[in-house]
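> Pasting query_27.txt here (compact mmCIF, N, CA and C atoms):
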```
# COMPACT_ATOMS: atom_id res chain seq x y z
N MET K 775 -13.64 7.22 13.54
CA MET K 775 -12.48 7.65 12.77
C MET K 775 -12.03 6.53 11.84
N GLN K 776 -11.68 6.87 10.63
CA GLN K 776 -11.12 5.90 9.70
C GLN K 776 -9.77 5.45 10.23
N ASP K 777 -9.34 4.24 9.82
CA ASP K 777 -8.01 3.80 10.25
C ASP K 777 -6.99 3.86 9.11
N GLU K 778 -7.42 4.35 7.93
CA GLU K 778 -6.48 4.55 6.83
C GLU K 778 -6.83 5.83 6.10
N ILE K 779 -5.82 6.48 5.57
CA ILE K 779 -5.99 7.69 4.78
C ILE K 779 -6.67 7.33 3.46
N ASP K 780 -7.64 8.13 3.04
CA ASP K 780 -8.31 7.94 1.76
C ASP K 780 -7.35 8.36 0.65
N THR K 781 -7.10 7.49 -0.31
CA THR K 781 -6.14 7.77 -1.38
C THR K 781 -6.80 8.13 -2.71
N GLU K 782 -8.10 8.37 -2.71
CA GLU K 782 -8.81 8.64 -3.96
C GLU K 782 -8.21 9.82 -4.73
N GLU K 783 -7.90 10.91 -4.04
CA GLU K 783 -7.33 12.08 -4.72
C GLU K 783 -5.92 11.80 -5.24
N ILE K 784 -5.18 10.99 -4.52
CA ILE K 784 -3.83 10.61 -4.99
C ILE K 784 -3.95 9.79 -6.27
N ILE K 785 -4.90 8.87 -6.30
CA ILE K 785 -5.11 8.04 -7.49
C ILE K 785 -5.50 8.92 -8.68
N LYS K 786 -6.39 9.87 -8.47
CA LYS K 786 -6.77 10.79 -9.55
C LYS K 786 -5.55 11.55 -10.06
N ASP K 787 -4.70 12.02 -9.15
CA ASP K 787 -3.50 12.77 -9.54
C ASP K 787 -2.54 11.90 -10.34
N ILE K 788 -2.41 10.65 -9.97
CA ILE K 788 -1.53 9.73 -10.70
C ILE K 788 -1.95 9.66 -12.16
N PHE K 789 -3.26 9.51 -12.39
CA PHE K 789 -3.75 9.44 -13.76
C PHE K 789 -3.64 10.77 -14.48
N GLN K 790 -3.90 11.88 -13.78
CA GLN K 790 -3.78 13.20 -14.41
C GLN K 790 -2.36 13.47 -14.87
N ARG K 791 -1.39 12.89 -14.19
CA ARG K 791 0.02 13.07 -14.55
C ARG K 791 0.48 12.06 -15.61
N GLY K 792 -0.45 11.20 -16.07
CA GLY K 792 -0.11 10.24 -17.12
C GLY K 792 0.67 9.04 -16.62
N LYS K 793 0.63 8.80 -15.33
CA LYS K 793 1.35 7.67 -14.74
C LYS K 793 0.45 6.44 -14.71
N THR K 794 1.04 5.30 -14.43
CA THR K 794 0.32 4.05 -14.30
C THR K 794 0.11 3.76 -12.82
N CYS K 795 -1.09 3.31 -12.48
CA CYS K 795 -1.44 3.05 -11.09
C CYS K 795 -1.75 1.57 -10.90
N PHE K 796 -1.17 1.01 -9.86
CA PHE K 796 -1.42 -0.38 -9.49
C PHE K 796 -2.02 -0.39 -8.08
N ILE K 797 -2.93 -1.32 -7.86
CA ILE K 797 -3.57 -1.45 -6.55
C ILE K 797 -3.40 -2.88 -6.05
N PRO K 798 -3.47 -3.08 -4.74
CA PRO K 798 -3.27 -4.43 -4.22
C PRO K 798 -4.47 -5.35 -4.50
N ARG K 799 -4.14 -6.62 -4.76
CA ARG K 799 -5.15 -7.67 -4.83
C ARG K 799 -4.66 -8.78 -3.91
N TYR K 800 -5.38 -8.95 -2.82
CA TYR K 800 -5.00 -9.91 -1.78
C TYR K 800 -5.59 -11.28 -2.07
N GLN K 801 -4.84 -12.32 -1.72
CA GLN K 801 -5.37 -13.68 -1.71
C GLN K 801 -5.48 -14.06 -0.25
N PHE K 802 -6.71 -14.05 0.26
CA PHE K 802 -6.92 -14.15 1.70
C PHE K 802 -6.60 -15.52 2.29
N GLN K 803 -6.50 -16.56 1.48
CA GLN K 803 -6.15 -17.87 2.03
C GLN K 803 -4.64 -18.00 2.26
N SER K 804 -3.87 -16.99 1.84
CA SER K 804 -2.42 -16.99 2.05
C SER K 804 -2.00 -15.55 2.34
N ASN K 805 -0.69 -15.30 2.41
CA ASN K 805 -0.24 -13.91 2.56
C ASN K 805 0.22 -13.35 1.22
N HIS K 806 -0.28 -13.93 0.13
CA HIS K 806 0.12 -13.50 -1.21
C HIS K 806 -0.70 -12.28 -1.64
N MET K 807 0.01 -11.33 -2.21
CA MET K 807 -0.62 -10.12 -2.73
C MET K 807 0.07 -9.78 -4.04
N ASP K 808 -0.72 -9.35 -5.01
CA ASP K 808 -0.18 -8.81 -6.25
C ASP K 808 -0.58 -7.35 -6.33
N MET K 809 0.17 -6.58 -7.09
CA MET K 809 -0.20 -5.21 -7.42
C MET K 809 -0.66 -5.25 -8.87
N VAL K 810 -1.95 -4.98 -9.08
CA VAL K 810 -2.54 -5.10 -10.41
C VAL K 810 -2.94 -3.73 -10.94
N LYS K 811 -2.90 -3.61 -12.26
CA LYS K 811 -3.12 -2.33 -12.92
C LYS K 811 -4.57 -1.87 -12.79
N LEU K 812 -4.71 -0.61 -12.48
CA LEU K 812 -6.01 0.05 -12.42
C LEU K 812 -6.20 0.78 -13.75
N ALA K 813 -7.35 0.59 -14.40
CA ALA K 813 -7.57 1.16 -15.72
C ALA K 813 -7.84 2.66 -15.68
N SER K 814 -8.52 3.14 -14.65
CA SER K 814 -8.88 4.56 -14.56
C SER K 814 -9.18 4.89 -13.10
N PRO K 815 -9.15 6.17 -12.75
CA PRO K 815 -9.48 6.52 -11.36
C PRO K 815 -10.95 6.24 -11.03
N GLU K 816 -11.81 6.27 -12.03
CA GLU K 816 -13.23 6.00 -11.80
C GLU K 816 -13.49 4.52 -11.50
N GLU K 817 -12.63 3.66 -12.01
CA GLU K 817 -12.82 2.22 -11.84
C GLU K 817 -12.81 1.79 -10.37
N ILE K 818 -12.06 2.47 -9.55
CA ILE K 818 -11.91 2.07 -8.15
C ILE K 818 -13.25 1.99 -7.42
N SER K 819 -14.17 2.89 -7.75
CA SER K 819 -15.47 2.89 -7.06
C SER K 819 -16.38 1.75 -7.50
N SER K 820 -16.07 1.11 -8.63
CA SER K 820 -16.92 0.02 -9.11
C SER K 820 -16.39 -1.36 -8.73
N LEU K 821 -15.22 -1.41 -8.13
CA LEU K 821 -14.64 -2.71 -7.77
C LEU K 821 -15.30 -3.28 -6.52
N PRO K 822 -15.41 -4.61 -6.44
CA PRO K 822 -15.93 -5.21 -5.21
C PRO K 822 -14.98 -4.95 -4.05
N LYS K 823 -15.52 -4.92 -2.83
CA LYS K 823 -14.71 -4.63 -1.65
C LYS K 823 -14.45 -5.90 -0.85
N THR K 824 -13.27 -5.94 -0.25
CA THR K 824 -12.88 -7.06 0.60
C THR K 824 -13.55 -6.93 1.97
N SER K 825 -13.31 -7.90 2.82
CA SER K 825 -13.84 -7.83 4.18
C SER K 825 -13.21 -6.68 4.97
N TRP K 826 -12.08 -6.16 4.50
CA TRP K 826 -11.43 -5.00 5.11
C TRP K 826 -11.91 -3.70 4.46
N ASN K 827 -12.92 -3.80 3.59
CA ASN K 827 -13.50 -2.65 2.90
C ASN K 827 -12.52 -2.02 1.90
N ILE K 828 -11.67 -2.86 1.30
CA ILE K 828 -10.69 -2.40 0.33
C ILE K 828 -11.15 -2.83 -1.07
N PRO K 829 -11.31 -1.88 -2.00
CA PRO K 829 -11.72 -2.27 -3.35
C PRO K 829 -10.59 -3.00 -4.06
N GLN K 830 -10.94 -4.12 -4.68
CA GLN K 830 -9.95 -4.85 -5.46
C GLN K 830 -10.64 -5.70 -6.51
N PRO K 831 -9.97 -5.90 -7.65
CA PRO K 831 -10.53 -6.76 -8.69
C PRO K 831 -10.66 -8.19 -8.18
N GLY K 832 -11.60 -8.93 -8.74
CA GLY K 832 -11.77 -10.33 -8.37
C GLY K 832 -10.54 -11.15 -8.72
N GLU K 833 -10.32 -12.24 -7.99
CA GLU K 833 -9.14 -13.09 -8.23
C GLU K 833 -9.14 -13.71 -9.61
N ASP K 834 -10.32 -13.90 -10.20
CA ASP K 834 -10.41 -14.52 -11.52
C ASP K 834 -10.27 -13.51 -12.66
N GLU K 835 -10.21 -12.23 -12.33
CA GLU K 835 -10.09 -11.18 -13.34
C GLU K 835 -8.63 -11.02 -13.76
N VAL K 836 -8.36 -11.13 -15.04
CA VAL K 836 -6.99 -11.03 -15.56
C VAL K 836 -6.58 -9.56 -15.58
N ARG K 837 -5.46 -9.27 -14.91
CA ARG K 837 -4.92 -7.91 -14.84
C ARG K 837 -3.40 -7.95 -14.99
N GLU K 838 -2.85 -6.87 -15.51
CA GLU K 838 -1.40 -6.74 -15.55
C GLU K 838 -0.88 -6.63 -14.13
N GLU K 839 0.16 -7.42 -13.81
CA GLU K 839 0.78 -7.40 -12.49
C GLU K 839 2.08 -6.62 -12.59
N ALA K 840 2.32 -5.71 -11.65
CA ALA K 840 3.45 -4.79 -11.72
C ALA K 840 4.80 -5.49 -11.87
N LEU K 841 5.03 -6.58 -11.18
CA LEU K 841 6.33 -7.23 -11.23
C LEU K 841 6.59 -7.91 -12.58
N SER K 842 5.53 -8.17 -13.34
CA SER K 842 5.71 -8.80 -14.65
C SER K 842 6.04 -7.77 -15.73
N THR K 843 5.92 -6.49 -15.40
CA THR K 843 6.17 -5.44 -16.41
C THR K 843 7.16 -4.39 -15.92
N GLY K 844 8.09 -4.78 -15.07
CA GLY K 844 9.14 -3.86 -14.67
C GLY K 844 9.13 -3.40 -13.23
N GLY K 845 8.04 -3.64 -12.52
CA GLY K 845 8.01 -3.31 -11.10
C GLY K 845 7.43 -1.94 -10.80
N LEU K 846 7.63 -1.51 -9.58
CA LEU K 846 7.04 -0.26 -9.07
C LEU K 846 8.13 0.69 -8.58
N ASP K 847 7.84 1.99 -8.69
CA ASP K 847 8.75 3.02 -8.17
C ASP K 847 8.38 3.41 -6.75
N LEU K 848 7.08 3.40 -6.46
CA LEU K 848 6.56 3.92 -5.21
C LEU K 848 5.41 3.04 -4.73
N ILE K 849 5.40 2.76 -3.43
CA ILE K 849 4.30 2.01 -2.83
C ILE K 849 3.83 2.77 -1.59
N PHE K 850 2.52 3.06 -1.56
CA PHE K 850 1.92 3.62 -0.36
C PHE K 850 1.56 2.46 0.56
N MET K 851 2.09 2.50 1.78
CA MET K 851 1.95 1.39 2.72
C MET K 851 0.85 1.68 3.74
N PRO K 852 -0.12 0.79 3.85
CA PRO K 852 -1.14 0.97 4.88
C PRO K 852 -0.62 0.50 6.23
N GLY K 853 -1.33 0.83 7.28
CA GLY K 853 -0.96 0.34 8.60
C GLY K 853 -1.89 0.89 9.66
N LEU K 854 -1.85 0.25 10.80
CA LEU K 854 -2.65 0.69 11.93
C LEU K 854 -1.87 1.63 12.83
N GLY K 855 -0.55 1.47 12.84
CA GLY K 855 0.31 2.32 13.65
C GLY K 855 1.71 2.38 13.06
N PHE K 856 2.40 3.48 13.35
CA PHE K 856 3.74 3.70 12.81
C PHE K 856 4.58 4.40 13.87
N ASP K 857 5.91 4.19 13.79
CA ASP K 857 6.77 5.00 14.63
C ASP K 857 7.70 5.83 13.76
N ARG K 858 8.45 6.71 14.36
CA ARG K 858 9.30 7.64 13.60
C ARG K 858 10.55 6.96 13.04
N HIS K 859 10.72 5.69 13.34
CA HIS K 859 11.87 4.94 12.83
C HIS K 859 11.51 4.13 11.58
N GLY K 860 10.26 4.28 11.10
CA GLY K 860 9.85 3.57 9.90
C GLY K 860 9.22 2.21 10.15
N HIS K 861 9.02 1.87 11.42
CA HIS K 861 8.36 0.60 11.71
C HIS K 861 6.86 0.78 11.53
N ARG K 862 6.22 -0.30 11.07
CA ARG K 862 4.80 -0.26 10.73
C ARG K 862 4.09 -1.44 11.37
N LEU K 863 2.96 -1.15 11.96
CA LEU K 863 2.09 -2.20 12.49
C LEU K 863 0.98 -2.40 11.47
N GLY K 864 1.01 -3.54 10.78
CA GLY K 864 -0.02 -3.84 9.79
C GLY K 864 -1.18 -4.57 10.44
N ARG K 865 -1.87 -5.34 9.64
CA ARG K 865 -3.02 -6.11 10.13
C ARG K 865 -2.64 -7.55 10.45
N GLY K 866 -1.37 -7.87 10.33
CA GLY K 866 -0.90 -9.19 10.74
C GLY K 866 -0.82 -10.23 9.64
N GLY K 867 -1.19 -9.88 8.42
CA GLY K 867 -1.16 -10.86 7.32
C GLY K 867 0.18 -10.97 6.64
N GLY K 868 1.03 -9.97 6.77
CA GLY K 868 2.35 -10.01 6.14
C GLY K 868 2.32 -9.77 4.63
N TYR K 869 1.21 -9.28 4.11
CA TYR K 869 1.07 -9.11 2.66
C TYR K 869 2.12 -8.17 2.08
N TYR K 870 2.25 -6.98 2.66
CA TYR K 870 3.19 -6.00 2.12
C TYR K 870 4.64 -6.41 2.35
N ASP K 871 4.94 -7.00 3.48
CA ASP K 871 6.31 -7.47 3.74
C ASP K 871 6.71 -8.52 2.70
N ALA K 872 5.82 -9.47 2.44
CA ALA K 872 6.09 -10.51 1.45
C ALA K 872 6.21 -9.90 0.05
N TYR K 873 5.35 -8.94 -0.27
CA TYR K 873 5.41 -8.33 -1.60
C TYR K 873 6.73 -7.56 -1.79
N LEU K 874 7.17 -6.85 -0.77
CA LEU K 874 8.42 -6.11 -0.89
C LEU K 874 9.61 -7.06 -1.06
N LYS K 875 9.56 -8.22 -0.46
CA LYS K 875 10.62 -9.22 -0.66
C LYS K 875 10.59 -9.72 -2.11
N ARG K 876 9.40 -9.89 -2.69
CA ARG K 876 9.29 -10.27 -4.09
C ARG K 876 9.84 -9.16 -4.99
N CYS K 877 9.57 -7.90 -4.63
CA CYS K 877 10.12 -6.77 -5.40
C CYS K 877 11.64 -6.85 -5.45
N ALA K 878 12.25 -7.16 -4.32
CA ALA K 878 13.71 -7.24 -4.25
C ALA K 878 14.26 -8.33 -5.18
N GLN K 879 13.47 -9.37 -5.43
CA GLN K 879 13.89 -10.46 -6.30
C GLN K 879 13.68 -10.14 -7.78
N HIS K 880 12.72 -9.26 -8.10
CA HIS K 880 12.33 -9.02 -9.49
C HIS K 880 12.72 -7.65 -10.04
N GLN K 881 13.11 -6.72 -9.18
CA GLN K 881 13.43 -5.36 -9.62
C GLN K 881 14.88 -5.04 -9.32
N HIS K 882 15.44 -4.15 -10.14
CA HIS K 882 16.82 -3.71 -9.89
C HIS K 882 16.87 -2.71 -8.75
N THR K 883 15.83 -1.89 -8.63
CA THR K 883 15.77 -0.85 -7.60
C THR K 883 14.58 -1.09 -6.70
N LYS K 884 14.79 -0.98 -5.42
CA LYS K 884 13.71 -1.15 -4.45
C LYS K 884 12.71 -0.01 -4.60
N PRO K 885 11.40 -0.32 -4.57
CA PRO K 885 10.43 0.78 -4.60
C PRO K 885 10.52 1.62 -3.32
N TYR K 886 10.32 2.91 -3.45
CA TYR K 886 10.29 3.80 -2.30
C TYR K 886 8.95 3.58 -1.61
N THR K 887 8.97 3.42 -0.30
CA THR K 887 7.74 3.13 0.45
C THR K 887 7.38 4.31 1.35
N VAL K 888 6.10 4.71 1.26
CA VAL K 888 5.59 5.83 2.03
C VAL K 888 4.33 5.39 2.76
N ALA K 889 4.29 5.64 4.05
CA ALA K 889 3.08 5.39 4.83
C ALA K 889 2.36 6.72 5.01
N LEU K 890 1.07 6.72 4.72
CA LEU K 890 0.23 7.89 4.95
C LEU K 890 -0.55 7.63 6.22
N ALA K 891 -0.40 8.51 7.21
CA ALA K 891 -0.97 8.23 8.53
C ALA K 891 -1.69 9.43 9.10
N PHE K 892 -2.63 9.15 9.99
CA PHE K 892 -3.21 10.17 10.85
C PHE K 892 -2.22 10.37 12.00
N LYS K 893 -2.15 11.57 12.55
CA LYS K 893 -1.20 11.82 13.64
C LYS K 893 -1.47 10.90 14.83
N GLU K 894 -2.71 10.48 14.99
CA GLU K 894 -3.07 9.58 16.10
C GLU K 894 -2.47 8.17 15.91
N GLN K 895 -2.01 7.87 14.70
CA GLN K 895 -1.41 6.56 14.43
C GLN K 895 0.09 6.53 14.70
N ILE K 896 0.67 7.68 15.03
CA ILE K 896 2.11 7.74 15.29
C ILE K 896 2.34 7.38 16.75
N CYS K 897 3.16 6.37 16.95
CA CYS K 897 3.43 5.84 18.29
C CYS K 897 4.93 5.97 18.60
N PRO K 898 5.27 6.00 19.88
CA PRO K 898 6.70 6.03 20.22
C PRO K 898 7.43 4.79 19.69
N GLN K 899 6.73 3.66 19.69
CA GLN K 899 7.32 2.41 19.23
C GLN K 899 6.20 1.45 18.86
N VAL K 900 6.39 0.69 17.77
CA VAL K 900 5.44 -0.36 17.42
C VAL K 900 6.16 -1.70 17.46
N PRO K 901 5.45 -2.78 17.80
CA PRO K 901 6.10 -4.09 17.85
C PRO K 901 6.48 -4.55 16.44
N VAL K 902 7.67 -5.13 16.31
CA VAL K 902 8.13 -5.62 15.02
C VAL K 902 8.68 -7.04 15.16
N ASP K 903 8.64 -7.76 14.06
CA ASP K 903 9.25 -9.08 13.95
C ASP K 903 10.39 -9.01 12.95
N GLU K 904 11.16 -10.10 12.85
CA GLU K 904 12.31 -10.10 11.95
C GLU K 904 11.90 -10.01 10.47
N HIS K 905 10.67 -10.40 10.12
CA HIS K 905 10.24 -10.35 8.72
C HIS K 905 9.65 -8.99 8.33
N ASP K 906 9.45 -8.08 9.29
CA ASP K 906 8.85 -6.78 8.99
C ASP K 906 9.83 -5.89 8.24
N VAL K 907 9.33 -5.27 7.17
CA VAL K 907 10.14 -4.37 6.35
C VAL K 907 9.81 -2.93 6.76
N LYS K 908 10.86 -2.14 7.01
CA LYS K 908 10.66 -0.75 7.40
C LYS K 908 10.15 0.08 6.22
N VAL K 909 9.40 1.12 6.56
CA VAL K 909 8.89 2.09 5.59
C VAL K 909 9.94 3.19 5.42
N ASP K 910 10.15 3.64 4.19
CA ASP K 910 11.14 4.69 3.96
C ASP K 910 10.73 6.02 4.57
N GLU K 911 9.42 6.32 4.55
CA GLU K 911 8.97 7.62 5.05
C GLU K 911 7.54 7.48 5.57
N VAL K 912 7.28 8.12 6.69
CA VAL K 912 5.93 8.17 7.26
C VAL K 912 5.46 9.61 7.19
N LEU K 913 4.37 9.86 6.47
CA LEU K 913 3.82 11.21 6.33
C LEU K 913 2.55 11.33 7.16
N TYR K 914 2.48 12.39 7.95
CA TYR K 914 1.29 12.65 8.75
C TYR K 914 1.22 14.13 9.04
N GLU K 915 0.02 14.60 9.35
CA GLU K 915 -0.16 16.00 9.69
C GLU K 915 0.37 16.27 11.08
N ASP K 916 1.19 17.27 11.20
CA ASP K 916 1.72 17.67 12.49
C ASP K 916 1.21 19.07 12.79
N SER K 917 0.16 19.15 13.60
CA SER K 917 -0.46 20.45 13.87
C SER K 917 0.43 21.36 14.69
N SER K 918 1.50 20.83 15.28
CA SER K 918 2.40 21.68 16.06
C SER K 918 3.45 22.35 15.17
N ALA K 919 3.54 21.93 13.91
CA ALA K 919 4.52 22.52 13.00
C ALA K 919 4.08 23.93 12.63
N PRO K 920 5.05 24.84 12.40
CA PRO K 920 4.70 26.23 12.06
C PRO K 920 4.02 26.34 10.71
```
Can the structure in the file be given as structure tokens, please?

Amino acid sequence: MQDEIDTEEIIKDIFQRGKTCFIPRYQFQSNHMDMVKLASPEEISSLPKTSWNIPQPGEDEVREEALSTGGLDLIFMPGLGFDRHGHRLGRGGGYYDAYLKRCAQHQHTKPYTVALAFKEQICPQVPVDEHDVKVDEVLYEDSSAP
């Protein structure tokens, strides 16, 4: 089983709606992450993949960074586990928590954060630290819903 929802169709929809799409670019020697502009939905398949199997542009490739051009409205948050209170268990690098703190310093409005999850990733409770930022909404399939 995959541990993250595939966002390829969401990325295609973003472009079909004429919106701008940014994707994460991690610096693995630190917990620094930028959100850099994606040129097209097709580009994602040609990008090199990280050790986590995440496509991202190379660190030496010049890209527009979201915080330098007004920030983001919406961020899809990855994670290994989530609870119904908006807590998220990431991979331990603190990339998204640090990025959201940078957003608060550079944007007037906080981006809305959504976690896309498999129902198996929903837990009664996940461990959190004081630096963890809650997710605004966790979306997952609930087969018991009518």
> Return the padded bounding box of segment 786-798 of chain K as JSON: axis-aligned, built from all atoms listed in the file, 5 Å added on each side, with centre and edge lengths in Å to one decimal.

```
{"center_x": -2.7, "center_y": 4.1, "center_z": -10.7, "size_x": 18.1, "size_y": 28.8, "size_z": 22.9}
```
> Write out as a ChimeraX atom specification all residues of segment 778-916 of chain K that DSSP puts in strand (DSSP E or B) for this structure's backbone.
/K:795-800,807-812,823,829,839,848-851,855-856,862-863,886-891,896,911-914
> How would the residues just chosen look if you wrote them out with N, CA and C atoms as a CSV table (one decimal), in the coordinates of the input?

```csv
chain,number,residue,atom,x,y,z
K,795,CYS,N,-1.1,3.3,-12.5
K,795,CYS,CA,-1.4,3.0,-11.1
K,795,CYS,C,-1.8,1.6,-10.9
K,796,PHE,N,-1.2,1.0,-9.9
K,796,PHE,CA,-1.4,-0.4,-9.5
K,796,PHE,C,-2.0,-0.4,-8.1
K,797,ILE,N,-2.9,-1.3,-7.9
K,797,ILE,CA,-3.6,-1.4,-6.6
K,797,ILE,C,-3.4,-2.9,-6.0
K,798,PRO,N,-3.5,-3.1,-4.7
K,798,PRO,CA,-3.3,-4.4,-4.2
K,798,PRO,C,-4.5,-5.4,-4.5
K,799,ARG,N,-4.1,-6.6,-4.8
K,799,ARG,CA,-5.2,-7.7,-4.8
K,799,ARG,C,-4.7,-8.8,-3.9
K,800,TYR,N,-5.4,-9.0,-2.8
K,800,TYR,CA,-5.0,-9.9,-1.8
K,800,TYR,C,-5.6,-11.3,-2.1
K,807,MET,N,0.0,-11.3,-2.2
K,807,MET,CA,-0.6,-10.1,-2.7
K,807,MET,C,0.1,-9.8,-4.0
K,808,ASP,N,-0.7,-9.4,-5.0
K,808,ASP,CA,-0.2,-8.8,-6.2
K,808,ASP,C,-0.6,-7.4,-6.3
K,809,MET,N,0.2,-6.6,-7.1
K,809,MET,CA,-0.2,-5.2,-7.4
K,809,MET,C,-0.7,-5.2,-8.9
K,810,VAL,N,-2.0,-5.0,-9.1
K,810,VAL,CA,-2.5,-5.1,-10.4
K,810,VAL,C,-2.9,-3.7,-10.9
K,811,LYS,N,-2.9,-3.6,-12.3
K,811,LYS,CA,-3.1,-2.3,-12.9
K,811,LYS,C,-4.6,-1.9,-12.8
K,812,LEU,N,-4.7,-0.6,-12.5
K,812,LEU,CA,-6.0,0.0,-12.4
K,812,LEU,C,-6.2,0.8,-13.8
K,823,LYS,N,-15.5,-4.9,-2.8
K,823,LYS,CA,-14.7,-4.6,-1.6
K,823,LYS,C,-14.4,-5.9,-0.8
K,829,PRO,N,-11.3,-1.9,-2.0
K,829,PRO,CA,-11.7,-2.3,-3.4
K,829,PRO,C,-10.6,-3.0,-4.1
K,839,GLU,N,0.2,-7.4,-13.8
K,839,GLU,CA,0.8,-7.4,-12.5
K,839,GLU,C,2.1,-6.6,-12.6
K,848,LEU,N,7.1,3.4,-6.5
K,848,LEU,CA,6.6,3.9,-5.2
K,848,LEU,C,5.4,3.0,-4.7
K,849,ILE,N,5.4,2.8,-3.4
K,849,ILE,CA,4.3,2.0,-2.8
K,849,ILE,C,3.8,2.8,-1.6
K,850,PHE,N,2.5,3.1,-1.6
K,850,PHE,CA,1.9,3.6,-0.4
K,850,PHE,C,1.6,2.5,0.6
K,851,MET,N,2.1,2.5,1.8
K,851,MET,CA,2.0,1.4,2.7
K,851,MET,C,0.8,1.7,3.7
K,855,GLY,N,-0.6,1.5,12.8
K,855,GLY,CA,0.3,2.3,13.6
K,855,GLY,C,1.7,2.4,13.1
K,856,PHE,N,2.4,3.5,13.4
K,856,PHE,CA,3.7,3.7,12.8
K,856,PHE,C,4.6,4.4,13.9
K,862,ARG,N,6.2,-0.3,11.1
K,862,ARG,CA,4.8,-0.3,10.7
K,862,ARG,C,4.1,-1.4,11.4
K,863,LEU,N,3.0,-1.2,12.0
K,863,LEU,CA,2.1,-2.2,12.5
K,863,LEU,C,1.0,-2.4,11.5
K,886,TYR,N,10.3,2.9,-3.4
K,886,TYR,CA,10.3,3.8,-2.3
K,886,TYR,C,9.0,3.6,-1.6
K,887,THR,N,9.0,3.4,-0.3
K,887,THR,CA,7.7,3.1,0.4
K,887,THR,C,7.4,4.3,1.4
K,888,VAL,N,6.1,4.7,1.3
K,888,VAL,CA,5.6,5.8,2.0
K,888,VAL,C,4.3,5.4,2.8
K,889,ALA,N,4.3,5.6,4.0
K,889,ALA,CA,3.1,5.4,4.8
K,889,ALA,C,2.4,6.7,5.0
K,890,LEU,N,1.1,6.7,4.7
K,890,LEU,CA,0.2,7.9,5.0
K,890,LEU,C,-0.6,7.6,6.2
K,891,ALA,N,-0.4,8.5,7.2
K,891,ALA,CA,-1.0,8.2,8.5
K,891,ALA,C,-1.7,9.4,9.1
K,896,ILE,N,0.7,7.7,15.0
K,896,ILE,CA,2.1,7.7,15.3
K,896,ILE,C,2.3,7.4,16.8
K,911,GLU,N,9.4,6.3,4.6
K,911,GLU,CA,9.0,7.6,5.0
K,911,GLU,C,7.5,7.5,5.6
K,912,VAL,N,7.3,8.1,6.7
K,912,VAL,CA,5.9,8.2,7.3
K,912,VAL,C,5.5,9.6,7.2
K,913,LEU,N,4.4,9.9,6.5
K,913,LEU,CA,3.8,11.2,6.3
K,913,LEU,C,2.6,11.3,7.2
K,914,TYR,N,2.5,12.4,8.0
K,914,TYR,CA,1.3,12.6,8.8
K,914,TYR,C,1.2,14.1,9.0
```
> Among segment 798-836 of chain K, which residues carry a DSSP assignment of helix (DSSP H, G or I), reported as an NGL selection string?
:K and (816-820)
> Neighbouring residues of Gly855 of chain K were defined as those with any atom within 6 Å, considering all atoms listed in the file; residues of the same chain fewer than 4 positions away were excluded. Please report them as a PyMOL selection string.
chain K and resi 861-864+895-897
> Any idea what's packed within 9 Å of His882 of chain K, counting only C-alpha atoms, ignoring anything in its chain fewer than 4 positions away? Could you give it as JSON, numbers by chain?
{"K": [845, 877, 878]}
> Please, could you write that set of residues out with N, CA and C atoms as a CSV table (one decimal), in the coordinates of the input?

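part_14.csv, freshly written:
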```csv
chain,number,residue,atom,x,y,z
K,845,GLY,N,8.0,-3.6,-12.5
K,845,GLY,CA,8.0,-3.3,-11.1
K,845,GLY,C,7.4,-1.9,-10.8
K,877,CYS,N,9.6,-7.9,-4.6
K,877,CYS,CA,10.1,-6.8,-5.4
K,877,CYS,C,11.6,-6.8,-5.4
K,878,ALA,N,12.2,-7.2,-4.3
K,878,ALA,CA,13.7,-7.2,-4.2
K,878,ALA,C,14.3,-8.3,-5.2
```
> Can you tell me how far atom N of Tyr873 of chain K sits from atom CA of Met807 of chain K, in Å to one decimal?
6.6 Å
> Which residues are close to Leu841 of chain K, i.e. within 8 Å by only N, CA and C atoms, leaving aside same-chain residues fewer than 4 positions away? Reply as a compact mmCIF listing (two decimals) with N, CA and C atoms, in the coordinates of the input.

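Below you can see selection-v1.txt, which holds the result:
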```txt
# COMPACT_ATOMS: atom_id res chain seq x y z
N ASP K 808 -0.72 -9.35 -5.01
CA ASP K 808 -0.18 -8.81 -6.25
C ASP K 808 -0.58 -7.35 -6.33
N MET K 809 0.17 -6.58 -7.09
CA MET K 809 -0.20 -5.21 -7.42
C MET K 809 -0.66 -5.25 -8.87
N VAL K 810 -1.95 -4.98 -9.08
CA VAL K 810 -2.54 -5.10 -10.41
C VAL K 810 -2.94 -3.73 -10.94
N GLY K 845 8.04 -3.64 -12.52
CA GLY K 845 8.01 -3.31 -11.10
C GLY K 845 7.43 -1.94 -10.80
N LEU K 846 7.63 -1.51 -9.58
CA LEU K 846 7.04 -0.26 -9.07
C LEU K 846 8.13 0.69 -8.58
N ARG K 876 9.40 -9.89 -2.69
CA ARG K 876 9.29 -10.27 -4.09
C ARG K 876 9.84 -9.16 -4.99
N CYS K 877 9.57 -7.90 -4.63
CA CYS K 877 10.12 -6.77 -5.40
C CYS K 877 11.64 -6.85 -5.45
N HIS K 880 12.72 -9.26 -8.10
CA HIS K 880 12.33 -9.02 -9.49
C HIS K 880 12.72 -7.65 -10.04
N GLN K 881 13.11 -6.72 -9.18
CA GLN K 881 13.43 -5.36 -9.62
C GLN K 881 14.88 -5.04 -9.32
```
> For the atom pair atom C of Glu911 of chain K and atom C of Glu783 of chain K, what is the interatomic distance in Å to one decimal place?
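Computing the Euclidean distance for atom C of Glu911 of chain K and atom C of Glu783 of chain K yields 17.8 Å.
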> Closest to Asp777 of chain K among K:Gly844, K:Arg799, K:Glu894, K:Pro829, using only C-alpha atoms?
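Distance minimum relative to Asp777 of chain K lands on K:Glu894.
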> Quick one: of K:Gly860, K:Leu890, K:Leu854, K:Gln830, who's nearest to Asp780 of chain K, counting all atoms listed in the file?
K:Leu890
> What is the atom N of Glu839 of chain K-atom C of Tyr800 of chain K distance in Å, reported with one decimal?
13.6 Å
> Please tell me which residues are no farther than 9 Å from (-6.8, 0.7, 3.4) in the file, counting only C-alpha atoms, and write them as a PyMOL selection string.
chain K and resi 777-781+826-829+851-853
